[in-house]
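Have a look at the structure below before the remarks.
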Amino acid sequence: MAHGYMDNSLKIDLTSGVVSKLPISKEWKMHYLGGRGMGIRLLWEYAPKGVDPLSPANPLIFMTGPYTGTGVFSAFYNVTTRSPLTGTAASAHSGGTFGPALKRAGVDGLMIVGQSEKPVYLLINGGKVTICDASSLWGKDVQQTESMIKEKHGKVSSAVIGPGGENLIKYGCIMNDTFRAVGRGGAGAVMGAKKLKAVVADGKEKINIAHHDLFTAISRKGAKTSLSVGKHFARYGTGAAFDVYNQNGSLPSYHFRKGHYDEGEKINAEALKKNYFVRDQGCFNCPLKCANIHSVKSGPFAVEETEGPEYETLMAFGSLCGNSNLEAIIKASHMVNLMGIDLISAGVTIAFAMDLFEMGLLTEKDTDGLTLTFGNAEAMVEMITKIAYRQGFGDLLAQGSLIAGRKIGPKAEERVMQCLGQEFPGYEPRRSPGTGFSLSTSNRGADHLRACFYANEIFGDEFKDRDFADHMKIMTEKEDLMALVDSLVMCKFGQRKGQFTPDVVTELLEALTGFAFDTSDLSHIGERIYNLERLYNIREGIEEIALPRRIFTEPIEDAVGKTPPLDANHYEKAKKNYFTARSWDENGHPKSEKLIELSLSGLVS
């Protein structure tokens with residue numbers, strides 16, 4: 001009897017309609033666990049080298065992990081595919097209810113290949129898959145799609161795409177529970193290219209646990225700890241970080257022209273809670289319930305009920321766009337979720353266009369008559385619809401800021417804030433340079449969740465002197481730990497707030513699966529995953545580790561003070577130290593002895 005796993009993964013070929021078993025060995029479980037780890041191992045094995053992300057041959061891989069659907073903070077599942085935005089492995093995760101429902105529908109994971117001639121959805125129950133007609137769902141937004149599915153199938157949980165995925169927006173999302181997103185990298189566009197509208201899970205199966213009493217005790221202790229140390233986070237969600245970043249000048253504003261937003265009090269978490277709060281909401285089996293529901297009762301930005309906005313949304317549609325209209329931010333948050341597009345890439349790309357408009361590089365002739373100046377809330381919200389449906393200027397922005405910048409011209413390209421083609425999240429790298437550096441080492445493009453280094457630098461205040469280059473071992477250990485957490489799969493906030501340290505996770509995993517791990521084993525699992533992602537990028541000709549030129553040439557000046565550009569020599573020193581900490585060569589390639597140590601040498605010639 002399997003513990004922590006359903007021992008059933010399936011391959012679905014949408015071209016032929018054939019469903020077959022996807023064999024996953026015990027060795028793979030021991031080396032990659034599930035989630036992100038199993039996703040990159042399967043992508044390496046089954047994705048043809050050089051595959052077009054929107055072609056039928058690109059696998060779309062849904063994976064749960066051994067922890068999914070079990071203890072506290074276990075709501076998460078992972079999706080891995082080749083990204084249409086970056087070309088890297090677009091590995092992203094989401095909470096809510098879908099992950100546990102998929103697992104309890106009798107599967108650990110699904111690998112979807114091929115392309116259907118007409119829109120379809122997958123119905124999963126009892127460990128089996130039925131391919132169903134989705135013609136009536138095609139064209140519907142996320143909320144409409146979920147509602148129609150529930151009308152037909154009852155109490156099920158669905159992962160769906162909206163117009164963003166259908167229209168192949170390069171940062172289209174896969175959504176579940178209406179407001180939960182497999183957000184970054186464009187997995188929704190891959191799903192849309194396959195004419196797959198939804199994956200529907202009808203979960204009733206039991207998940208077996210090896211040592212139930214011990215497992216429950218560890219999980220409950222984590223829940224109790226999280227309620228003690230995470231009270232502020234539980235009250236405000238990730239928006240609790242907004243004031244912290246604004247006060248220390250790390251809040252990107254006016255498309256990274258500043259790091260402090262003078263009107264921050266109008267759009268912070270306290271203003272949101274005070275004026276628009278409806279009720280708390282949380283993922284499956286979550287004690288913190290950080291996902292607040294808000295409502296705008298009337299006016300041009302009226303929203304009946306919506307989840308969020310979270311910190312990244314307050315930044316992307318607030319300070320970054322120079323917008324102090326909180327109701328417009330709530331509306332923008334609601335719309336990107338209904339359309340199924342990544343809120344970070346969408347907000348940053350719109351702010352980028354505003355930056356160019358302010359500089360005179362774009363005019364109303366280019367923007368379909370919209371005055372895309374900083375602070376124009378109406379134009380900002382309108383652009384979301386134009387992007388999702390590829391209308392006019394929105395068709396250009398649907399390709400992401402890097403491609404848009406290149407098409408507009410060299411001066412525009414210099415303004416783009418991205419790594420590997422993926423837009424920056426909400427961290428000003430000249431004021432938080434360690435976190436900024438971590439955006440460039442992320443294997444999926446600019447991303448704050450691959451290292452979560454802001455916890456060390458901003459909240460831990462570890463690098464006051466900006467001399468972050470000597471702390472690369474800490475960064476690699478954090479990256480490896482986050483890869484492990486993404487493979488369990490466990491909520492990162494829950495992991496941190498619940499004090500699920502490597503020692504605790506070791507005990508937890510053994511109680512769950514019966515597999516004998518020690519902390520060294522788990523460290524190697526995370527490191528193995530990070531290195532295999534790097535190998536995948538190298539295989540696909542993606543080797544760059546760099547920050548935008550703006551970071552090294554433009555100072556920032558605001559209410560916090562004047563901060564010089566990041567020192568390029570210091571960045572290069574950090575990159576050299578990072579490669580050394582990872583046992584990579586001077587080109588950022590894993591050395592042969594490291595591949596042997598991680599049991600990866602057999603995968604590369």
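Lettering and numbering for the structure tokens are positional, with chains as A, B, ... in the shown order, residues counted from 1 in each chain, and ligands counted from 1 in the shown order.
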
Mind checking DSSP for segment 215-385 of chain A and telling me the strand (DSSP E) residues as a PDB file with N, CA, C and O atoms, in the first residue's frame?
```pdb
ATOM      1  N   PHE A 277     -13.229  45.288   3.246  1.00  0.00           N
ATOM      2  CA  PHE A 277     -13.194  43.907   3.728  1.00  0.00           C
ATOM      3  C   PHE A 277     -14.601  43.319   3.873  1.00  0.00           C
ATOM      4  O   PHE A 277     -15.523  43.969   4.349  1.00  0.00           O
ATOM      5  N   VAL A 278     -14.730  42.051   3.451  1.00  0.00           N
ATOM      6  CA  VAL A 278     -15.986  41.307   3.599  1.00  0.00           C
ATOM      7  C   VAL A 278     -15.818  40.158   4.582  1.00  0.00           C
ATOM      8  O   VAL A 278     -16.545  40.047   5.567  1.00  0.00           O
ATOM      9  N   ARG A 279     -14.837  39.297   4.337  1.00  0.00           N
ATOM     10  CA  ARG A 279     -14.623  38.142   5.220  1.00  0.00           C
ATOM     11  C   ARG A 279     -13.264  37.518   4.919  1.00  0.00           C
ATOM     12  O   ARG A 279     -12.650  37.768   3.883  1.00  0.00           O
ATOM     13  N   ILE A 293     -11.479  38.426   1.408  1.00  0.00           N
ATOM     14  CA  ILE A 293     -12.461  38.767   0.381  1.00  0.00           C
ATOM     15  C   ILE A 293     -12.848  40.234   0.535  1.00  0.00           C
ATOM     16  O   ILE A 293     -13.115  40.706   1.642  1.00  0.00           O
ATOM     17  N   HIS A 294     -12.866  40.966  -0.584  1.00  0.00           N
ATOM     18  CA  HIS A 294     -13.199  42.385  -0.568  1.00  0.00           C
ATOM     19  C   HIS A 294     -14.288  42.693  -1.581  1.00  0.00           C
ATOM     20  O   HIS A 294     -14.553  41.900  -2.494  1.00  0.00           O
ATOM     21  N   SER A 295     -14.881  43.857  -1.426  1.00  0.00           N
ATOM     22  CA  SER A 295     -15.981  44.258  -2.296  1.00  0.00           C
ATOM     23  C   SER A 295     -15.967  45.771  -2.491  1.00  0.00           C
ATOM     24  O   SER A 295     -15.664  46.516  -1.554  1.00  0.00           O
ATOM     25  N   VAL A 296     -16.257  46.211  -3.723  1.00  0.00           N
ATOM     26  CA  VAL A 296     -16.466  47.631  -4.020  1.00  0.00           C
ATOM     27  C   VAL A 296     -17.940  47.778  -4.358  1.00  0.00           C
ATOM     28  O   VAL A 296     -18.415  47.229  -5.359  1.00  0.00           O
ATOM     29  N   VAL A 303     -17.110  45.920  -7.734  1.00  0.00           N
ATOM     30  CA  VAL A 303     -16.877  44.473  -7.754  1.00  0.00           C
ATOM     31  C   VAL A 303     -17.710  43.871  -6.638  1.00  0.00           C
ATOM     32  O   VAL A 303     -17.605  44.301  -5.476  1.00  0.00           O
ATOM     33  N   GLU A 304     -18.519  42.879  -6.959  1.00  0.00           N
ATOM     34  CA  GLU A 304     -19.398  42.306  -5.940  1.00  0.00           C
ATOM     35  C   GLU A 304     -18.603  41.662  -4.821  1.00  0.00           C
ATOM     36  O   GLU A 304     -18.721  42.025  -3.657  1.00  0.00           O
ATOM     37  N   GLU A 305     -17.763  40.686  -5.159  1.00  0.00           N
ATOM     38  CA  GLU A 305     -16.841  40.072  -4.201  1.00  0.00           C
ATOM     39  C   GLU A 305     -15.640  39.537  -4.957  1.00  0.00           C
ATOM     40  O   GLU A 305     -15.790  38.953  -6.040  1.00  0.00           O
ATOM     41  N   THR A 306     -14.462  39.726  -4.378  1.00  0.00           N
ATOM     42  CA  THR A 306     -13.249  39.222  -5.022  1.00  0.00           C
ATOM     43  C   THR A 306     -12.218  38.904  -3.957  1.00  0.00           C
ATOM     44  O   THR A 306     -12.223  39.505  -2.870  1.00  0.00           O
ATOM     45  N   GLU A 307     -11.338  37.975  -4.242  1.00  0.00           N
ATOM     46  CA  GLU A 307     -10.253  37.630  -3.320  1.00  0.00           C
ATOM     47  C   GLU A 307      -9.061  38.523  -3.590  1.00  0.00           C
ATOM     48  O   GLU A 307      -8.683  38.745  -4.737  1.00  0.00           O
TER      49      GLU A 307
END
```

Distance query Ile61 of chain A at most 6 Å, only C-alpha atoms, self and fewer than 3 positions along chain excluded, as a PDB file with all heavy atoms, in the first residue's frame:
```
ATOM      1  N   VAL A  79       2.248  22.922 -11.803  1.00  0.00           N
ATOM      2  CA  VAL A  79       2.151  22.691 -13.238  1.00  0.00           C
ATOM      3  C   VAL A  79       3.493  23.048 -13.864  1.00  0.00           C
ATOM      4  O   VAL A  79       4.045  24.123 -13.596  1.00  0.00           O
ATOM      5  CB  VAL A  79       1.038  23.526 -13.883  1.00  0.00           C
ATOM      6  CG1 VAL A  79       1.016  23.311 -15.399  1.00  0.00           C
ATOM      7  CG2 VAL A  79      -0.319  23.173 -13.284  1.00  0.00           C
ATOM      8  N   THR A  80       4.021  22.155 -14.682  1.00  0.00           N
ATOM      9  CA  THR A  80       5.290  22.378 -15.367  1.00  0.00           C
ATOM     10  C   THR A  80       5.097  22.196 -16.866  1.00  0.00           C
ATOM     11  O   THR A  80       4.427  21.252 -17.308  1.00  0.00           O
ATOM     12  CB  THR A  80       6.369  21.399 -14.866  1.00  0.00           C
ATOM     13  OG1 THR A  80       6.574  21.590 -13.467  1.00  0.00           O
ATOM     14  CG2 THR A  80       7.695  21.624 -15.590  1.00  0.00           C
ATOM     15  N   LEU A 110      -0.853  14.294 -13.976  1.00  0.00           N
ATOM     16  CA  LEU A 110      -1.296  14.134 -15.356  1.00  0.00           C
ATOM     17  C   LEU A 110      -0.251  14.765 -16.268  1.00  0.00           C
ATOM     18  O   LEU A 110       0.222  15.875 -15.996  1.00  0.00           O
ATOM     19  CB  LEU A 110      -2.632  14.845 -15.592  1.00  0.00           C
ATOM     20  CG  LEU A 110      -3.797  14.550 -14.647  1.00  0.00           C
ATOM     21  CD1 LEU A 110      -4.918  15.556 -14.898  1.00  0.00           C
ATOM     22  CD2 LEU A 110      -4.298  13.124 -14.852  1.00  0.00           C
ATOM     23  N   MET A 111       0.108  14.071 -17.333  1.00  0.00           N
ATOM     24  CA  MET A 111       0.932  14.675 -18.368  1.00  0.00           C
ATOM     25  C   MET A 111       0.109  14.727 -19.649  1.00  0.00           C
ATOM     26  O   MET A 111      -0.289  13.689 -20.188  1.00  0.00           O
ATOM     27  CB  MET A 111       2.227  13.900 -18.610  1.00  0.00           C
ATOM     28  CG  MET A 111       3.143  14.605 -19.614  1.00  0.00           C
ATOM     29  SD  MET A 111       4.778  13.852 -19.755  1.00  0.00           S
ATOM     30  CE  MET A 111       4.366  12.370 -20.682  1.00  0.00           C
TER      31      MET A 111
END
```

Sorted by chain and rising residue number, which residues of segment 314-341 of chain A lie within 9 Å of segment 162-185 of chain A, and what are their closest atom pairs and distances in Å to one decimal, counting only C-alpha atoms, as JSON lines?
```
{"residue": "A:His334", "atom": "CA", "partner": "A:Phe179", "partner_atom": "CA", "distance": 7.9}
{"residue": "A:Val336", "atom": "CA", "partner": "A:Gly164", "partner_atom": "CA", "distance": 8.7}
{"residue": "A:Asn337", "atom": "CA", "partner": "A:Phe179", "partner_atom": "CA", "distance": 5.6}
{"residue": "A:Leu338", "atom": "CA", "partner": "A:Gly162", "partner_atom": "CA", "distance": 6.6}
{"residue": "A:Met339", "atom": "CA", "partner": "A:Gly162", "partner_atom": "CA", "distance": 5.0}
{"residue": "A:Gly340", "atom": "CA", "partner": "A:Gly162", "partner_atom": "CA", "distance": 4.9}
{"residue": "A:Ile341", "atom": "CA", "partner": "A:Gly172", "partner_atom": "CA", "distance": 4.3}
```

Output for the residues just chosen: C-alpha atoms as a compact mmCIF listing (two decimals), in the first residue's frame:
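Wrote it out as out-v3.txt, contents follow:
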```txt
# COMPACT_ATOMS: atom_id res chain seq x y z
CA HIS A 334 -10.58 40.94 -10.16
CA VAL A 336 -6.87 39.63 -14.33
CA ASN A 337 -8.27 36.67 -12.38
CA LEU A 338 -11.43 36.42 -14.50
CA MET A 339 -9.38 36.79 -17.70
CA GLY A 340 -6.74 34.33 -16.49
CA ILE A 341 -3.58 36.38 -16.97
```

Within 10 Å of Ile40 of chain A using only C-alpha atoms, minus same-chain residues under 6 positions, as an NGL selection string | :A and (32 or 34 or 46-47 or 61 or 79-82 or 89-91 or 529-530 or 532-533 or 536)

Produce a file of the selected residues containing N, CA and C atoms, as a JSON list (two decimals), in the first residue's frame.
```json
[["chain", "number", "residue", "atom", "x", "y", "z"],
["A", 32, "TYR", "N", 12.91, 13.15, -6.37],
["A", 32, "TYR", "CA", 12.22, 14.36, -6.78],
["A", 32, "TYR", "C", 10.92, 14.62, -6.01],
["A", 34, "GLY", "N", 7.74, 15.00, -5.83],
["A", 34, "GLY", "CA", 6.51, 15.26, -6.59],
["A", 34, "GLY", "C", 6.54, 16.70, -7.05],
["A", 46, "TYR", "N", 10.40, 13.97, -21.43],
["A", 46, "TYR", "CA", 9.38, 13.85, -22.48],
["A", 46, "TYR", "C", 9.28, 15.05, -23.42],
["A", 47, "ALA", "N", 9.85, 16.20, -23.06],
["A", 47, "ALA", "CA", 9.78, 17.36, -23.95],
["A", 47, "ALA", "C", 10.90, 17.29, -24.97],
["A", 61, "ILE", "N", 2.21, 19.41, -17.58],
["A", 61, "ILE", "CA", 2.31, 18.42, -16.52],
["A", 61, "ILE", "C", 1.70, 18.95, -15.22],
["A", 79, "VAL", "N", 2.25, 22.92, -11.80],
["A", 79, "VAL", "CA", 2.15, 22.69, -13.24],
["A", 79, "VAL", "C", 3.49, 23.05, -13.86],
["A", 80, "THR", "N", 4.02, 22.15, -14.68],
["A", 80, "THR", "CA", 5.29, 22.38, -15.37],
["A", 80, "THR", "C", 5.10, 22.20, -16.87],
["A", 81, "THR", "N", 5.70, 23.09, -17.63],
["A", 81, "THR", "CA", 5.67, 23.01, -19.09],
["A", 81, "THR", "C", 6.78, 23.91, -19.60],
["A", 82, "ARG", "N", 7.03, 23.91, -20.91],
["A", 82, "ARG", "CA", 7.97, 24.89, -21.44],
["A", 82, "ARG", "C", 7.24, 26.21, -21.65],
["A", 89, "ALA", "N", 11.67, 26.20, -18.16],
["A", 89, "ALA", "CA", 10.65, 25.35, -17.56],
["A", 89, "ALA", "C", 9.72, 26.24, -16.73],
["A", 90, "ALA", "N", 8.48, 26.40, -17.20],
["A", 90, "ALA", "CA", 7.51, 27.23, -16.49],
["A", 90, "ALA", "C", 6.87, 26.39, -15.40],
["A", 91, "SER", "N", 7.53, 26.33, -14.28],
["A", 91, "SER", "CA", 7.02, 25.57, -13.14],
["A", 91, "SER", "C", 6.36, 26.54, -12.18],
["A", 529, "ILE", "N", 16.96, 19.26, -7.93],
["A", 529, "ILE", "CA", 15.90, 19.90, -8.73],
["A", 529, "ILE", "C", 16.41, 21.20, -9.33],
["A", 530, "TYR", "N", 17.09, 22.01, -8.51],
["A", 530, "TYR", "CA", 17.57, 23.29, -9.02],
["A", 530, "TYR", "C", 18.59, 23.09, -10.14],
["A", 532, "LEU", "N", 18.80, 20.44, -12.14],
["A", 532, "LEU", "CA", 18.16, 19.89, -13.35],
["A", 532, "LEU", "C", 17.43, 21.00, -14.10],
["A", 533, "GLU", "N", 16.83, 21.94, -13.39],
["A", 533, "GLU", "CA", 16.22, 23.09, -14.07],
["A", 533, "GLU", "C", 17.28, 23.88, -14.84],
["A", 536, "TYR", "N", 18.18, 22.02, -17.92],
["A", 536, "TYR", "CA", 17.15, 22.16, -18.94],
["A", 536, "TYR", "C", 17.30, 23.48, -19.69]]
```

Under the rule of at most 12 Å, produce a per-residue listing of segment 468-553 of chain A near segment 575-599 of chain A: chain, number, name, the closest pair of atoms, and the distance in Å, as CSV, using only C-alpha atoms.
```
residue,atom,partner,partner_atom,distance
A:Phe468,CA,A:Asn577,CA,10.3
A:Ala469,CA,A:Asn577,CA,6.8
A:Asp470,CA,A:Asn577,CA,7.1
A:His471,CA,A:Asn577,CA,8.4
A:Met472,CA,A:Tyr578,CA,5.1
A:Lys473,CA,A:Ala581,CA,5.5
A:Ile474,CA,A:Ala581,CA,9.2
A:Met475,CA,A:Tyr578,CA,8.2
A:Thr476,CA,A:Arg582,CA,6.9
A:Glu477,CA,A:Ala581,CA,9.4
A:Glu479,CA,A:Arg582,CA,10.7
A:Asp480,CA,A:Arg582,CA,10.4
A:Ser520,CA,A:Leu598,CA,11.6
A:Asp521,CA,A:Leu598,CA,10.2
A:Leu522,CA,A:Leu598,CA,11.6
A:Ser523,CA,A:Leu598,CA,10.4
A:His524,CA,A:Leu598,CA,6.7
A:Ile525,CA,A:Leu598,CA,8.1
A:Gly526,CA,A:Leu598,CA,10.0
A:Glu527,CA,A:Leu598,CA,7.7
A:Arg528,CA,A:Leu598,CA,5.6
A:Ile529,CA,A:Leu598,CA,9.2
A:Tyr530,CA,A:Arg582,CA,9.8
A:Asn531,CA,A:Pro590,CA,7.1
A:Leu532,CA,A:Leu595,CA,9.2
A:Glu533,CA,A:Pro590,CA,11.0
A:Arg534,CA,A:His589,CA,7.9
A:Leu535,CA,A:His589,CA,7.6
A:Tyr536,CA,A:His589,CA,11.0
A:Asn537,CA,A:His589,CA,10.3
A:Ile538,CA,A:His589,CA,7.8
A:Arg539,CA,A:His589,CA,10.7
A:Gly541,CA,A:His589,CA,11.9
A:Ile542,CA,A:Gly588,CA,11.0
A:Glu543,CA,A:Gly588,CA,7.5
A:Glu544,CA,A:Gly588,CA,8.8
A:Ile545,CA,A:Lys575,CA,8.3
A:Ala546,CA,A:Lys575,CA,9.0
A:Leu547,CA,A:Lys575,CA,11.0
```

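Counting only C-alpha atoms and comparing A:Leu420, A:Ile218, A:Met354, A:Leu362, the residue that lies closest to Ala379 of chain A is A:Met354.
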
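Between Met38 of chain A and the candidates A:Leu603, A:Cys286, A:Ala455, A:Leu488, the tightest atom-to-atom separation, counting only C-alpha atoms, involves A:Leu488.
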
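For the set A:Ile149, A:Ala101, A:Leu288, A:Ile403, the residue with the smallest atom-to-atom gap to Phe73 of chain A is A:Leu288, counting only C-alpha atoms.
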
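Near segment 449-453 of chain A, within 6 Å and counting only C-alpha atoms, sit Thr435, Ser442, Lys478 and Glu479 of chain A, not including residues fewer than 5 positions from it in the same chain.
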
Keeping only C-alpha atoms, take the residues you just selected and write them out as a compact mmCIF listing (two decimals), in the first residue's frame.
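The resulting file, part10.txt, is shown below:
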```txt
# COMPACT_ATOMS: atom_id res chain seq x y z
CA THR A 435 16.82 40.00 -3.42
CA SER A 442 15.84 32.16 -10.79
CA LYS A 478 17.31 29.01 0.32
CA GLU A 479 16.81 28.19 -3.36
```

Using DSSP on the backbone coordinates, identify all residues within segment 139-329 of chain A classified as alpha helix (DSSP H); present the result as number ranges by chain.
-> A: 142-153, 163-166, 187-193, 212-229, 231-236, 242-247, 269-276, 311-316, 326-329

Exercise: Val244 of chain A partners within 12 Å, only C-alpha atoms, chain neighbours under 3 positions left out, as a PyMOL selection string | chain A and resi 238-241+247-251+259-261+264-265+268-269+311+427+454-455+458-461

Keeping only C-alpha atoms, write the selected residues as a short mmCIF file (atom, residue, chain, number, x, y, z; two decimals), in the first residue's frame.
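Now in out_36.cif:
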```cif
data_model
loop_
_atom_site.label_atom_id
_atom_site.label_comp_id
_atom_site.auth_asym_id
_atom_site.auth_seq_id
_atom_site.Cartn_x
_atom_site.Cartn_y
_atom_site.Cartn_z
CA THR A 238 0.68 39.33 1.85
CA GLY A 239 -0.45 42.96 1.72
CA ALA A 240 0.99 43.19 5.23
CA ALA A 241 4.39 43.62 3.56
CA GLN A 247 9.17 52.53 4.38
CA ASN A 248 12.58 51.10 3.48
CA GLY A 249 12.35 52.24 -0.13
CA SER A 250 12.08 48.79 -1.72
CA LEU A 251 8.57 49.27 -3.14
CA GLY A 259 11.35 52.84 -4.50
CA HIS A 260 8.93 54.76 -2.32
CA TYR A 261 5.31 55.68 -3.09
CA GLY A 264 1.12 54.52 -0.05
CA GLU A 265 -1.31 54.98 2.85
CA ASN A 268 -1.98 49.77 1.79
CA ALA A 269 -3.39 46.73 3.55
CA TYR A 311 0.96 42.60 -2.08
CA TYR A 427 11.26 44.36 -5.17
CA TYR A 454 13.39 39.11 0.86
CA ALA A 455 12.76 37.25 4.13
CA ILE A 458 14.24 42.99 4.13
CA PHE A 459 12.53 41.31 7.07
CA GLY A 460 15.74 39.85 8.53
CA ASP A 461 17.76 42.99 7.71
#
```

Selected residue, from A:Thr313, A:Gln143, A:Asn456, A:Thr68, that lies nearest to Ser333 of chain A when counting only C-alpha atoms = A:Thr313

Taken to one decimal, the atom CA of Gly192 of chain A-atom CA of Val51 of chain A distance is 16.5 Å

Could I get the residues of segment 472-550 of chain A with an atom no further than 9 Å from an atom of segment 194-215 of chain A, each paired with its nearest atom pair and that distance in Å to one decimal, using only C-alpha atoms, sorted by chain and residue number, as JSON lines?
```
{"residue": "A:Glu507", "atom": "CA", "partner": "A:Phe215", "partner_atom": "CA", "distance": 8.3}
{"residue": "A:Leu508", "atom": "CA", "partner": "A:Phe215", "partner_atom": "CA", "distance": 6.0}
{"residue": "A:Leu509", "atom": "CA", "partner": "A:Phe215", "partner_atom": "CA", "distance": 8.3}
{"residue": "A:Glu510", "atom": "CA", "partner": "A:Ala210", "partner_atom": "CA", "distance": 7.9}
{"residue": "A:Ala511", "atom": "CA", "partner": "A:His211", "partner_atom": "CA", "distance": 4.9}
{"residue": "A:Leu512", "atom": "CA", "partner": "A:Ile209", "partner_atom": "CA", "distance": 5.0}
{"residue": "A:Thr513", "atom": "CA", "partner": "A:Ala210", "partner_atom": "CA", "distance": 5.5}
{"residue": "A:Gly514", "atom": "CA", "partner": "A:Ala210", "partner_atom": "CA", "distance": 5.4}
```

Given the selection you just returned, output its residues as a file containing C-alpha atoms, formatted as a PDB file, in the first residue's frame.
```
ATOM      1  CA  GLU A 507      10.362  13.783  10.358  1.00  0.00           C
ATOM      2  CA  LEU A 508       7.131  14.818   8.652  1.00  0.00           C
ATOM      3  CA  LEU A 509       8.008  13.097   5.362  1.00  0.00           C
ATOM      4  CA  GLU A 510       8.997   9.856   7.042  1.00  0.00           C
ATOM      5  CA  ALA A 511       5.758   9.837   9.044  1.00  0.00           C
ATOM      6  CA  LEU A 512       3.822  10.513   5.843  1.00  0.00           C
ATOM      7  CA  THR A 513       5.499   8.205   3.313  1.00  0.00           C
ATOM      8  CA  GLY A 514       7.427   5.712   5.396  1.00  0.00           C
TER       9      GLY A 514
END
```

Atom CA of Leu439 of chain A and atom CA of Asp486 of chain A, how far apart in Å?
-> 17.3 Å

Selected residue, from A:Met191, A:Thr385, A:Phe393, A:Trp138, that lies nearest to Asp366 of chain A when counting only C-alpha atoms = A:Phe393
